[in-house]
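I have placed the structure first, in the form of structure tokens, so that the comments after it can refer back to it.
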Amino acid sequence: MSTGAGRIAWARRRRAAGKLWRDFADSRSGLVGLAALLGIVLIALLAPLWISADDLSVIKATGGILTPPSGEFWLGTDHAGRSVLDLTVYGARVSLLVGIAAAVLSVGIGTIVGMLSGHFGRWVSAVLMRVTDFFLVLPALVLAIALSTMLERGLSTIILAIGVTSWPSTARLVRAQTLTIEARPYIERAQALGGGHPHILLRHVLPAVLPLVLANTTLAVGSAIISESTLAFLGLGDPSKVSWGLMLKQALDTGSVTAGAWWYLLPPGIAIVAVVLSFTLCGRALEIVVNPNLKAGRR
Amino acid sequence: MVTSLQSGKEEVVTVRLRRWGLGAVLAISTLVAAPLATPNSIPAAGAQGPVTLRVAFTTDVDSMNPFQSVLLVPTQILRMMYEYLTVASAKDSSPEPGLAERWETSSDNLTWTFHIRKGMQWSDGQPITARDVAFTYNLIMTNEDAAAANGVAVTNYESVTAKDDTTLVIKTKQPQASMLTSEVPIVPEHVWKDVKDIKNFTNTDKFPVVGSGPFVLTGYQEGQSVTLEANDKFWRGRSKVDKLQYVKYESTDAAVQGLRKGDVELVYRLTANQYKALQNEPNITTHAGNNRRYTEIIFNPGNPKADGSAFGNGNPVLKDVNFRKALAHAVDVKTIIDKVKQGLAEPATQVMPAVYPDWTFKPSESQKHNFDLAKANSLLEAAGYAKGAGGTRTDKQGKEINLRLLVTSDDAERQQIAEFVKGWFAELGVGVTVEFKGSNQVNDDTNAGNYDMAISGWSVSPDPDYQLAQQTCKVVGTELSDSNFCSTEYDALYAKQQGELDKSKRMQLVQQAQAILHDNVSAIMLYYDKQLEAYRSDRFSSFATQPAENGIIANQSGYWGYYNAVPVGAEDTQAASEPNSGLGTGAVVGIVGGAAVLVAGAVWGLSRRRRATADDRE
Amino acid sequence: MVDMLTTTEPVAELPGGERAAGRVRALGTARFVAVKIGGGLVSLLLVVVLGFFLFRALPGNPIRSITTDSHTSIEQIEKLRAEWGMDEPLPGQFVEYLGDLLRWDLGTSFKYKQPVGDLILGRIGPTLLLTGAALLLALVLGLWLGTRAAWRHGSRFDRLATGTSLVLWSVPTFWLGLIALMVFAVALDLFPTAGMTTPGGVDGFLPAVLDVAHHLVLPAVTLTAVTYAQYLMVMRSSLLEEMNADYLTTARAKGLTDDQVRRRHAVPNALLPTVTIIFLHTGLLVSGAVTVETVFSWPGLGLLTYNAIGFPDYPLLQGTMIVLAGAVVVMNVLADLVYRLLDPRVRAA
């Protein structure tokens, strides 16, 4: 392809992105979600500036055990005397990291499988869809529990466990989309002009499914964060990395419910709700903007 | 959300209240609520119901078959159902008469004669005789399936015979000191002789299950609850507790909520925070009992298996006893107890907990590994582990020493301990990498020797034999080893105490054996837990503890705790208030609320239907 | 795990896209059913294989689980190992397992020493009761609110209903359950704290039913709260799509009232994707209820599975895996069939 054509393609994509943003900005709830997300991400990124490793250490904590909120500890302290506020802020880092990484992994696998099976048809498609169907019927939570007990404790394990168990729905979505796109005349034209499989997949199909994938990822982050907290609740998290799920788990294990330590139970839960809701709002707004099915339906 | 997409007409449909529909909802709700009033009616004051003790548990019940059950809670329940030949006393867990009222040994210490108490009856009225005991033991000795749970108790038995209805003779292959503490549930021959398939027999298909203990099994709901009722025929007399129920909760926190509400009367294995929170609550009494459990940090001493094969990948520096000793001096047990256990534990000396005063290890002041970082450092210097450039000590090959510490990931307390230990060892110049793994993985790794250090712990039976056996060379690298420790000197002492029937001599041997473990620093002993318990003081005024002083109520080596529980007002025979059958006033509100939602939905749907047909006719 | 909240039409219908659709339409119904069922069976077979090898790779050793609570000797351990077939090479164990499976024998649980089939049967009732009740509630709530929200789209009702459902959907199930437990069971004393029945059971049929109902409220409502958003969203968006369809305008032109248009034309058509999603989610719900079962100590299948992983009890895990996956397979096949049955485009062919 000549550079000129490339430039035109890029300009077209820039325009598409601009339109995408304008459409997105039409959705008030989407904007609210996006703003909330940016705020949370900013806080998470800046957390190390005022929270040191000592603040998170279970042995160097300065507060009393499970003390209620006070001037010194705005959200009280946990079972080891650490500030719940610090933990909640810091926990955002792990929860977001796991959520985003797992979602990217899951949607990544789903997109590749979906595109390949949509594009190649016949036996490739049959095999890939068989695999997808298989993963779809597996009890995902059981599989994730099994995986995370089997592999070494750590964030990567959790990410992997969530990622490899949640991709099939994306694969089906992307496959359907790929089929729709490849039925369009310009793909046939490209094929007639001698465009090979990589060319068609990367130059035509991928850009076309990308918005859908983006919306899907955004939605997937929310469920991945909930999945992380569920796995942590079931005792499968990494206790050396503070996440919201781990906080809840430890709050329960150390008897905070009994102690009535609402300041230890509520912040991580509310934080999860806030982040998941933000991702969901953004994702839905995106989905409505980019999903040609939905658009077509509305004429 | 989709605000931008909709170009069509905005249809504002008012929800029309359909009066007759609402009326129907109310009418049906009342109908639903009416029958609730009957079970819900609270017995009038002074009315007498059975005294019920409901105990919350959070682990699993595997089986009610005494020959099959191996998990903690069901074996506890089986203690209530079947009496043993001899039992561990409430006072100090030393053996005292059970079905046998007295016993003697032959001069060669190989033959034991037990005299079974006359006049005892099974719960169905049949007499309990020596033949039942002989039947039970012989079944275990001859039937592999019957040996699953208690086979270990009879491995040294040559023969078991009933001379007559009251005389039982057990011949052993070798003298056996632990003879009186073999906890084998004795079953009725007249019931079990007809059981053909011991392995698949659930023991829950016919209630009440014939037994000899203080309670008989009368109900079993898999995964939910186990119900027992007082045994009138129990030879010590009927318990004041009419009904004993074990209620399954998935978490202690939920169980505590049940206690608060009065859904259960006793909860054990509380965390320190739960315990402290419950201390100030009305109608609840908390109790911290000295438990028969120890927690320790084990090392990988790099010993080979019994067949001589090496295994695992432990750091070789841990083979050096001086190195281990230095580490032992660098752990401040007092800080751990204060900070992690919130003061609710006692420092541990060795594998036999302090609740067994006859067996627990009593080190001299000079023997103790007191917390002393300076001493620890000088020990390491003397042993030739110099500090490298970065301040980290190096082994004999000049490699920096960094030890892995295996910790179960779902235990917040052990996580804290690990962080403390890491800090102290850092001051010695010994690096520590804390590895969090699932408890199964921790077990796998310690079995396979793929660790340097691990936080571990065991619950200990009244007789020292089993716990001491876990430290012998024979079990290194198996599921049975505590710390993969091995010493021929120790093994000799272990074998000697096994056959020593003179208790005071045996006590000395056990002290010596533990001294070897101590001097060789087989592990860093941390603490003996307290078991934290709480009960409804408005329903029960006291429970029997084991040991009698500062002991535990639940998880005893015996049935004392529940059997001797005293209900409030039991003196003047006034029974404790009958536990609410589960349908309080709240229930009515709840169910009616739920039902109302469903009914409203249905009625609404129906009304739409009707209207639709009416409209169509137009 | 948690399903993603998406309003997109479920793609588990007929092979999507134009290219495949024609071919499928040409298939006879019998052939279609056969293909679907065949696919499901293949998945199940894979589940059998995976279940066997996956769980055996789990850390932990069932023998160790036995030695922690009770006294055991080395000889006994060897015996157990032989009895459980753990001393044989894996392929041999697998062949034996397959043979048993063909005779409908799921094996004997290591932990409970009972036939796995019996154990599962005992737990399936509670699980179906919990998930069924939650599903029913979620459906009624989701479909009703979804229809209303779409019809009065943009209104305060719409914003409130959609907003609430999204917030609840974002809540971790176990956390919501825990708070419900603290508030409704303990503080307000409205419901019991654990289990499915009062310990030991209640005498009489009606009281027993009410007792179970009483225990069911909190777990079912918790499960409903976190799932109904899916149905609301799907119903709402598909109804929104239908509402602008030409035939509705025709219907209105015919003089039908708004209510009638909605009830007779828009809603039935919008139900199509919703029904499919219902079937797809039902299968998953069974295994997804494990957190609710944990919080409320509900004796369900999910909990049985979860606790078996800790042992690890291979035969039991293999059995529950087959049942949990089987539920999804059946529901997926049903979803396909129902879709075919309902979709006028497919029916016409």
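Going by the structure tokens order, chains are called A, B, ..., each with residues numbered from 1, while ligands are numbered from 1 in the order shown.
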
Just want the 6 Å neighbourhood of stretch 83-97 of chain B, counted on only C-alpha atoms, with same-chain residues fewer than 3 positions away dropped. Output as a ChimeraX atom specification. /B:100-101,184-186,212-213,462,546-548

With chain B as the partner and 10 Å as the cut-off, tabulate the residues of chain A that qualify, each row holding the nearest pair of atoms and their distance in Å to one decimal, using only C-alpha atoms, sorted by chain and rising number, as CSV.
residue,atom,partner,partner_atom,distance
A:Asp23,CA,B:Ser4,CA,8.6
A:Phe24,CA,B:Met1,CA,9.8
A:Asp26,CA,B:Ser4,CA,6.5
A:Ser27,CA,B:Met1,CA,5.5
A:Arg28,CA,B:Met1,CA,6.8
A:Ser29,CA,B:Met1,CA,5.8
A:Gly30,CA,B:Met1,CA,7.0
A:Leu31,CA,B:Met1,CA,9.9
A:Ser57,CA,B:Glu419,CA,8.0
A:Val58,CA,B:Gln416,CA,5.9
A:Ile59,CA,B:Phe420,CA,6.2
A:Lys60,CA,B:Phe420,CA,9.1
A:Ile65,CA,B:Asn273,CA,8.6
A:Leu66,CA,B:Asn273,CA,8.3
A:His79,CA,B:Asn273,CA,7.8
A:Ala80,CA,B:Val340,CA,7.9
A:Gly81,CA,B:Lys339,CA,9.9
A:Ser148,CA,B:Gly438,CA,9.1
A:Thr149,CA,B:Gly438,CA,6.3
A:Met150,CA,B:Gln441,CA,8.0
A:Leu151,CA,B:Lys437,CA,9.1
A:Glu152,CA,B:Lys437,CA,6.8
A:Arg153,CA,B:Lys437,CA,5.7
A:Gly154,CA,B:Phe436,CA,8.4
A:Ala232,CA,B:Asp410,CA,9.0
A:Phe233,CA,B:Asp410,CA,9.4
A:Leu234,CA,B:Asp410,CA,8.7
A:Gly235,CA,B:Asp410,CA,5.1
A:Leu236,CA,B:Gly438,CA,7.2
A:Gly237,CA,B:Ser409,CA,7.5
A:Asp238,CA,B:Ser409,CA,6.8
A:Pro239,CA,B:Ser409,CA,6.0
A:Ser240,CA,B:Phe436,CA,7.8
A:Leu246,CA,B:Asp410,CA,9.6
A:Lys249,CA,B:Asp410,CA,8.6
A:Gln250,CA,B:Ala412,CA,6.4
A:Ala251,CA,B:Ala412,CA,9.4
A:Leu252,CA,B:Asp253,CA,6.8
A:Asp253,CA,B:Ala412,CA,7.2
A:Thr254,CA,B:Thr271,CA,5.9
A:Gly255,CA,B:Gln274,CA,4.9
A:Ser256,CA,B:Asn273,CA,6.9
A:Val257,CA,B:Asp253,CA,6.4
A:Thr258,CA,B:Gln274,CA,5.4
A:Ala259,CA,B:Ala277,CA,4.7
A:Gly260,CA,B:Ala277,CA,7.8
A:Ala261,CA,B:Ala277,CA,9.7
A:Leu281,CA,B:Met1,CA,7.9
A:Cys282,CA,B:Met1,CA,9.5
A:Arg284,CA,B:Met1,CA,7.3
A:Ala285,CA,B:Met1,CA,6.1
A:Leu286,CA,B:Met1,CA,9.8
A:Ile288,CA,B:Val2,CA,7.2
A:Val289,CA,B:Val2,CA,9.2
A:Leu294,CA,B:Leu5,CA,10.0
A:Lys295,CA,B:Leu5,CA,8.4
A:Arg298,CA,B:Leu5,CA,7.3
A:Arg299,CA,B:Leu5,CA,9.3

Based on the selection just made, write C-alpha atoms of those residues as a PDB file, in the first residue's frame.
ATOM      1  CA  ASP A  23     -21.141  10.246  20.114  1.00  0.00           C
ATOM      2  CA  PHE A  24     -19.823   9.121  23.438  1.00  0.00           C
ATOM      3  CA  ASP A  26     -23.651  12.656  24.037  1.00  0.00           C
ATOM      4  CA  SER A  27     -24.202  10.162  26.784  1.00  0.00           C
ATOM      5  CA  ARG A  28     -24.295  11.945  30.093  1.00  0.00           C
ATOM      6  CA  SER A  29     -23.927   8.801  32.184  1.00  0.00           C
ATOM      7  CA  GLY A  30     -20.980   7.753  30.066  1.00  0.00           C
ATOM      8  CA  LEU A  31     -19.278  11.067  30.763  1.00  0.00           C
ATOM      9  CA  SER A  57       3.156  -2.858  56.637  1.00  0.00           C
ATOM     10  CA  VAL A  58       1.259  -5.079  59.024  1.00  0.00           C
ATOM     11  CA  ILE A  59       4.017  -4.748  61.607  1.00  0.00           C
ATOM     12  CA  LYS A  60       4.901  -1.076  61.443  1.00  0.00           C
ATOM     13  CA  ILE A  65      -6.521  -2.362  66.283  1.00  0.00           C
ATOM     14  CA  LEU A  66      -9.881  -1.693  64.605  1.00  0.00           C
ATOM     15  CA  HIS A  79      -6.932  -5.473  62.207  1.00  0.00           C
ATOM     16  CA  ALA A  80      -3.229  -4.616  62.183  1.00  0.00           C
ATOM     17  CA  GLY A  81      -3.660  -0.937  62.999  1.00  0.00           C
ATOM     18  CA  SER A 148      -5.511 -20.008  41.109  1.00  0.00           C
ATOM     19  CA  THR A 149      -4.893 -22.822  43.588  1.00  0.00           C
ATOM     20  CA  MET A 150      -2.692 -24.558  41.068  1.00  0.00           C
ATOM     21  CA  LEU A 151      -0.434 -21.689  40.097  1.00  0.00           C
ATOM     22  CA  GLU A 152       1.802 -19.656  42.340  1.00  0.00           C
ATOM     23  CA  ARG A 153       0.079 -16.973  44.373  1.00  0.00           C
ATOM     24  CA  GLY A 154       0.398 -13.617  42.756  1.00  0.00           C
ATOM     25  CA  ALA A 232      -9.912 -12.939  47.129  1.00  0.00           C
ATOM     26  CA  PHE A 233     -13.023 -13.520  49.237  1.00  0.00           C
ATOM     27  CA  LEU A 234     -12.671 -17.241  48.655  1.00  0.00           C
ATOM     28  CA  GLY A 235      -9.105 -16.998  49.944  1.00  0.00           C
ATOM     29  CA  LEU A 236      -7.290 -17.222  46.634  1.00  0.00           C
ATOM     30  CA  GLY A 237      -5.734 -13.786  46.454  1.00  0.00           C
ATOM     31  CA  ASP A 238      -2.189 -12.645  47.100  1.00  0.00           C
ATOM     32  CA  PRO A 239      -2.093 -11.382  50.694  1.00  0.00           C
ATOM     33  CA  SER A 240       1.026  -9.317  50.144  1.00  0.00           C
ATOM     34  CA  LEU A 246      -8.218  -8.809  49.989  1.00  0.00           C
ATOM     35  CA  LYS A 249     -11.441 -10.993  52.978  1.00  0.00           C
ATOM     36  CA  GLN A 250      -9.160  -9.973  55.823  1.00  0.00           C
ATOM     37  CA  ALA A 251     -11.879  -7.880  57.393  1.00  0.00           C
ATOM     38  CA  LEU A 252     -14.029 -10.997  57.492  1.00  0.00           C
ATOM     39  CA  ASP A 253     -11.274 -13.338  58.617  1.00  0.00           C
ATOM     40  CA  THR A 254     -10.275 -11.161  61.510  1.00  0.00           C
ATOM     41  CA  GLY A 255     -13.822 -10.727  62.729  1.00  0.00           C
ATOM     42  CA  SER A 256     -14.609  -7.179  61.725  1.00  0.00           C
ATOM     43  CA  VAL A 257     -18.250  -8.015  61.121  1.00  0.00           C
ATOM     44  CA  THR A 258     -18.580  -9.138  64.697  1.00  0.00           C
ATOM     45  CA  ALA A 259     -16.625  -6.178  65.952  1.00  0.00           C
ATOM     46  CA  GLY A 260     -19.014  -3.930  64.053  1.00  0.00           C
ATOM     47  CA  ALA A 261     -16.096  -2.350  62.216  1.00  0.00           C
ATOM     48  CA  LEU A 281     -21.425   3.307  32.462  1.00  0.00           C
ATOM     49  CA  CYS A 282     -18.527   4.041  30.123  1.00  0.00           C
ATOM     50  CA  ARG A 284     -22.501   0.945  27.905  1.00  0.00           C
ATOM     51  CA  ALA A 285     -22.144   4.368  26.418  1.00  0.00           C
ATOM     52  CA  LEU A 286     -19.382   3.073  24.158  1.00  0.00           C
ATOM     53  CA  ILE A 288     -24.314   1.999  22.162  1.00  0.00           C
ATOM     54  CA  VAL A 289     -22.074   4.282  20.147  1.00  0.00           C
ATOM     55  CA  LEU A 294     -27.763  -1.652  18.088  1.00  0.00           C
ATOM     56  CA  LYS A 295     -27.529   1.239  15.693  1.00  0.00           C
ATOM     57  CA  ARG A 298     -32.650   1.947  15.841  1.00  0.00           C
ATOM     58  CA  ARG A 299     -32.470   3.066  12.251  1.00  0.00           C
TER      59      ARG A 299
END

Counting only C-alpha atoms, a student should be able to say which residues of chain A come within 7 Å of chain C; what is the right answer, written as a PDB file with C-alpha atoms, in the first residue's frame?
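Saved as out18.pdb:
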ATOM      1  CA  ASP A 133     -18.384 -23.579  23.318  1.00  0.00           C
ATOM      2  CA  PHE A 134     -16.372 -25.799  25.590  1.00  0.00           C
ATOM      3  CA  VAL A 137     -19.981 -24.452  29.418  1.00  0.00           C
ATOM      4  CA  LEU A 138     -17.154 -24.807  31.917  1.00  0.00           C
ATOM      5  CA  PRO A 139     -18.115 -23.476  35.323  1.00  0.00           C
ATOM      6  CA  ALA A 140     -15.890 -20.404  35.144  1.00  0.00           C
ATOM      7  CA  LEU A 141     -15.647 -19.812  38.875  1.00  0.00           C
ATOM      8  CA  ALA A 146      -8.742 -24.456  40.349  1.00  0.00           C
ATOM      9  CA  THR A 149      -4.893 -22.822  43.588  1.00  0.00           C
ATOM     10  CA  MET A 150      -2.692 -24.558  41.068  1.00  0.00           C
ATOM     11  CA  ARG A 172     -18.686 -15.122  19.829  1.00  0.00           C
ATOM     12  CA  LEU A 173     -19.397 -11.426  19.615  1.00  0.00           C
ATOM     13  CA  ALA A 176     -20.451 -12.486  14.479  1.00  0.00           C
ATOM     14  CA  LEU A 179     -18.848 -12.367   9.560  1.00  0.00           C
ATOM     15  CA  THR A 180     -20.932  -9.259   9.062  1.00  0.00           C
ATOM     16  CA  LEU A 219     -17.441  -3.712  30.327  1.00  0.00           C
ATOM     17  CA  ALA A 220     -15.124  -6.630  30.999  1.00  0.00           C
ATOM     18  CA  SER A 223     -16.670  -7.876  35.859  1.00  0.00           C
ATOM     19  CA  ILE A 226     -15.708  -8.187  40.807  1.00  0.00           C
ATOM     20  CA  SER A 227     -14.146 -11.520  39.930  1.00  0.00           C
ATOM     21  CA  GLY A 269     -17.033  -2.504  48.987  1.00  0.00           C
ATOM     22  CA  VAL A 273     -19.138  -0.525  43.382  1.00  0.00           C
ATOM     23  CA  VAL A 276     -17.326  -1.178  38.486  1.00  0.00           C
ATOM     24  CA  LEU A 277     -20.230   1.185  37.975  1.00  0.00           C
ATOM     25  CA  GLY A 297     -31.900  -1.656  15.134  1.00  0.00           C
ATOM     26  CA  ARG A 298     -32.650   1.947  15.841  1.00  0.00           C
TER      27      ARG A 298
END

As a check of understanding: the span from atom CA of B:Asp320 to atom CA of B:Gln511 is 23.4 Å

Where in stretch 218-385 of chain B does DSSP assign alpha helix (DSSP H), given as a VMD selection string? chain B and resid 252 to 261 272 to 279 321 to 329 333 to 335 373 to 382

Next, dump the selected residues to file, keeping only N, CA and C atoms, as a compact mmCIF listing (two decimals), in the first residue's frame.
# COMPACT_ATOMS: atom_id res chain seq x y z
N THR B 252 -16.97 -18.22 60.55
CA THR B 252 -17.15 -17.94 61.96
C THR B 252 -17.91 -16.64 62.16
N ASP B 253 -17.66 -15.69 61.27
CA ASP B 253 -18.35 -14.42 61.42
C ASP B 253 -19.87 -14.59 61.31
N ALA B 254 -20.29 -15.42 60.36
CA ALA B 254 -21.73 -15.68 60.24
C ALA B 254 -22.22 -16.41 61.48
N ALA B 255 -21.40 -17.33 61.98
CA ALA B 255 -21.80 -18.07 63.18
C ALA B 255 -21.98 -17.13 64.36
N VAL B 256 -21.09 -16.14 64.47
CA VAL B 256 -21.21 -15.18 65.57
C VAL B 256 -22.51 -14.39 65.44
N GLN B 257 -22.87 -14.08 64.20
CA GLN B 257 -24.15 -13.39 64.01
C GLN B 257 -25.29 -14.28 64.50
N GLY B 258 -25.16 -15.58 64.23
CA GLY B 258 -26.16 -16.53 64.71
C GLY B 258 -26.22 -16.55 66.23
N LEU B 259 -25.07 -16.45 66.85
CA LEU B 259 -25.01 -16.43 68.32
C LEU B 259 -25.69 -15.17 68.87
N ARG B 260 -25.37 -14.06 68.27
CA ARG B 260 -25.96 -12.79 68.69
C ARG B 260 -27.48 -12.85 68.64
N LYS B 261 -27.95 -13.47 67.58
CA LYS B 261 -29.38 -13.52 67.35
C LYS B 261 -30.05 -14.58 68.18
N ALA B 272 -9.40 -13.12 67.66
CA ALA B 272 -9.21 -12.22 68.79
C ALA B 272 -10.19 -11.04 68.72
N ASN B 273 -10.40 -10.52 67.50
CA ASN B 273 -11.30 -9.38 67.37
C ASN B 273 -12.73 -9.75 67.69
N GLN B 274 -13.14 -10.92 67.23
CA GLN B 274 -14.50 -11.36 67.52
C GLN B 274 -14.68 -11.54 69.01
N TYR B 275 -13.67 -12.13 69.62
CA TYR B 275 -13.71 -12.39 71.06
C TYR B 275 -13.85 -11.07 71.83
N LYS B 276 -13.03 -10.10 71.43
CA LYS B 276 -13.08 -8.83 72.16
C LYS B 276 -14.40 -8.10 71.93
N ALA B 277 -14.90 -8.23 70.71
CA ALA B 277 -16.17 -7.55 70.41
C ALA B 277 -17.32 -8.15 71.21
N LEU B 278 -17.25 -9.46 71.44
CA LEU B 278 -18.36 -10.12 72.13
C LEU B 278 -18.28 -9.96 73.64
N GLN B 279 -17.12 -9.51 74.13
CA GLN B 279 -16.95 -9.43 75.58
C GLN B 279 -17.95 -8.52 76.26
N VAL B 321 22.94 -26.71 63.04
CA VAL B 321 22.12 -26.47 64.22
C VAL B 321 22.43 -25.10 64.83
N ASN B 322 23.68 -24.64 64.70
CA ASN B 322 24.02 -23.32 65.26
C ASN B 322 23.29 -22.21 64.51
N PHE B 323 23.15 -22.41 63.21
CA PHE B 323 22.43 -21.42 62.42
C PHE B 323 20.96 -21.39 62.87
N ARG B 324 20.38 -22.57 63.03
CA ARG B 324 18.97 -22.63 63.45
C ARG B 324 18.80 -22.01 64.83
N LYS B 325 19.79 -22.27 65.70
CA LYS B 325 19.71 -21.73 67.06
C LYS B 325 19.75 -20.20 67.02
N ALA B 326 20.60 -19.67 66.17
CA ALA B 326 20.69 -18.21 66.06
C ALA B 326 19.33 -17.65 65.63
N LEU B 327 18.70 -18.29 64.68
CA LEU B 327 17.39 -17.81 64.22
C LEU B 327 16.37 -17.89 65.36
N ALA B 328 16.45 -18.97 66.16
CA ALA B 328 15.50 -19.11 67.26
C ALA B 328 15.64 -17.95 68.24
N HIS B 329 16.87 -17.48 68.44
CA HIS B 329 17.08 -16.35 69.35
C HIS B 329 16.59 -15.04 68.76
N VAL B 333 8.83 -14.06 70.60
CA VAL B 333 7.51 -14.67 70.75
C VAL B 333 6.55 -13.76 71.49
N LYS B 334 7.09 -13.02 72.46
CA LYS B 334 6.20 -12.15 73.25
C LYS B 334 5.53 -11.09 72.37
N THR B 335 6.31 -10.50 71.48
CA THR B 335 5.73 -9.51 70.57
C THR B 335 4.66 -10.14 69.69
N LEU B 373 18.88 -10.45 69.95
CA LEU B 373 19.45 -10.27 68.61
C LEU B 373 20.97 -10.24 68.66
N ALA B 374 21.54 -9.66 69.75
CA ALA B 374 23.00 -9.57 69.85
C ALA B 374 23.58 -10.98 69.92
N LYS B 375 22.94 -11.80 70.75
CA LYS B 375 23.42 -13.17 70.89
C LYS B 375 23.29 -13.92 69.57
N ALA B 376 22.15 -13.70 68.91
CA ALA B 376 21.92 -14.37 67.63
C ALA B 376 23.02 -13.99 66.64
N ASN B 377 23.34 -12.69 66.60
CA ASN B 377 24.39 -12.23 65.69
C ASN B 377 25.73 -12.86 66.02
N SER B 378 26.05 -12.93 67.33
CA SER B 378 27.36 -13.47 67.68
C SER B 378 27.41 -14.97 67.40
N LEU B 379 26.27 -15.64 67.57
CA LEU B 379 26.23 -17.07 67.21
C LEU B 379 26.55 -17.27 65.74
N LEU B 380 25.98 -16.41 64.92
CA LEU B 380 26.21 -16.54 63.48
C LEU B 380 27.66 -16.24 63.13
N GLU B 381 28.21 -15.19 63.77
CA GLU B 381 29.62 -14.87 63.54
C GLU B 381 30.49 -16.07 63.90
N ALA B 382 30.23 -16.62 65.10
CA ALA B 382 31.04 -17.73 65.60
C ALA B 382 30.95 -18.94 64.67

Shell around B:Thr392 at 10 Å using only C-alpha atoms, local window under 2 positions removed, as a ChimeraX atom specification: /B:385-390,394-395,399-402,426-431

Store the residues picked out above, limited to C-alpha atoms, as a compact mmCIF listing (two decimals), in the first residue's frame.
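Saved as part28.txt:
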# COMPACT_ATOMS: atom_id res chain seq x y z
CA TYR B 385 28.52 -16.79 58.54
CA ALA B 386 30.12 -13.43 57.88
CA LYS B 387 28.29 -10.41 56.57
CA GLY B 388 28.87 -9.64 52.92
CA ALA B 389 29.22 -6.26 51.31
CA GLY B 390 25.51 -5.55 51.25
CA THR B 394 26.91 -15.40 53.32
CA ASP B 395 27.10 -19.16 53.62
CA LYS B 399 26.59 -17.11 48.65
CA GLU B 400 24.22 -14.61 50.23
CA ILE B 401 21.73 -16.27 52.55
CA ASN B 402 18.14 -15.74 51.59
CA ALA B 426 16.89 -8.79 58.48
CA GLU B 427 18.65 -7.45 61.56
CA LEU B 428 20.76 -10.60 61.57
CA GLY B 429 21.63 -10.08 57.94
CA VAL B 430 19.52 -13.04 56.87
CA GLY B 431 17.23 -12.36 53.97

Could you list, as JSON, numbers by chain, every residue of chain C that has an atom within 6 Å of an atom of chain B, counting only C-alpha atoms? {"C": [59, 60, 64, 69, 70, 72, 73, 111, 112, 152, 186, 190, 191, 193, 198, 199, 200, 294, 297, 299]}

Quick one: pick out all strand (DSSP E or B) residues within stretch 193-329 of chain B from a backbone DSSP run and write them as an MDAnalysis selection string. chainID B and resid 215:221 225:230 243:248 266:267 284:299

Grab the atom CA of C:Thr164 to atom CA of A:Thr230 distance for me, in Å with one decimal place.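 The value is 21.6 Å.
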
With a cut-off of 10 Å, could you pull out the residues of stretch 90-170 of chain A touching stretch 206-217 of chain A and give me the nearest pair of atoms for each, distance in Å to one decimal, using only C-alpha atoms, ordered by chain and ascending number, as JSON lines?
{"residue": "A:Ile100", "atom": "CA", "partner": "A:Thr217", "partner_atom": "CA", "distance": 8.2}
{"residue": "A:Ala101", "atom": "CA", "partner": "A:Thr217", "partner_atom": "CA", "distance": 10.0}
{"residue": "A:Ala102", "atom": "CA", "partner": "A:Thr217", "partner_atom": "CA", "distance": 9.5}
{"residue": "A:Ala103", "atom": "CA", "partner": "A:Thr217", "partner_atom": "CA", "distance": 5.7}
{"residue": "A:Val104", "atom": "CA", "partner": "A:Thr217", "partner_atom": "CA", "distance": 6.3}
{"residue": "A:Leu105", "atom": "CA", "partner": "A:Thr217", "partner_atom": "CA", "distance": 9.3}
{"residue": "A:Ser106", "atom": "CA", "partner": "A:Thr217", "partner_atom": "CA", "distance": 8.3}
{"residue": "A:Val107", "atom": "CA", "partner": "A:Thr217", "partner_atom": "CA", "distance": 6.0}
{"residue": "A:Gly108", "atom": "CA", "partner": "A:Val213", "partner_atom": "CA", "distance": 8.6}
{"residue": "A:Gly110", "atom": "CA", "partner": "A:Val213", "partner_atom": "CA", "distance": 9.2}
{"residue": "A:Thr111", "atom": "CA", "partner": "A:Val213", "partner_atom": "CA", "distance": 7.2}
{"residue": "A:Ile112", "atom": "CA", "partner": "A:Leu206", "partner_atom": "CA", "distance": 9.5}
{"residue": "A:Met115", "atom": "CA", "partner": "A:Leu206", "partner_atom": "CA", "distance": 7.9}
{"residue": "A:Ser169", "atom": "CA", "partner": "A:Asn216", "partner_atom": "CA", "distance": 9.8}
{"residue": "A:Thr170", "atom": "CA", "partner": "A:Asn216", "partner_atom": "CA", "distance": 7.3}
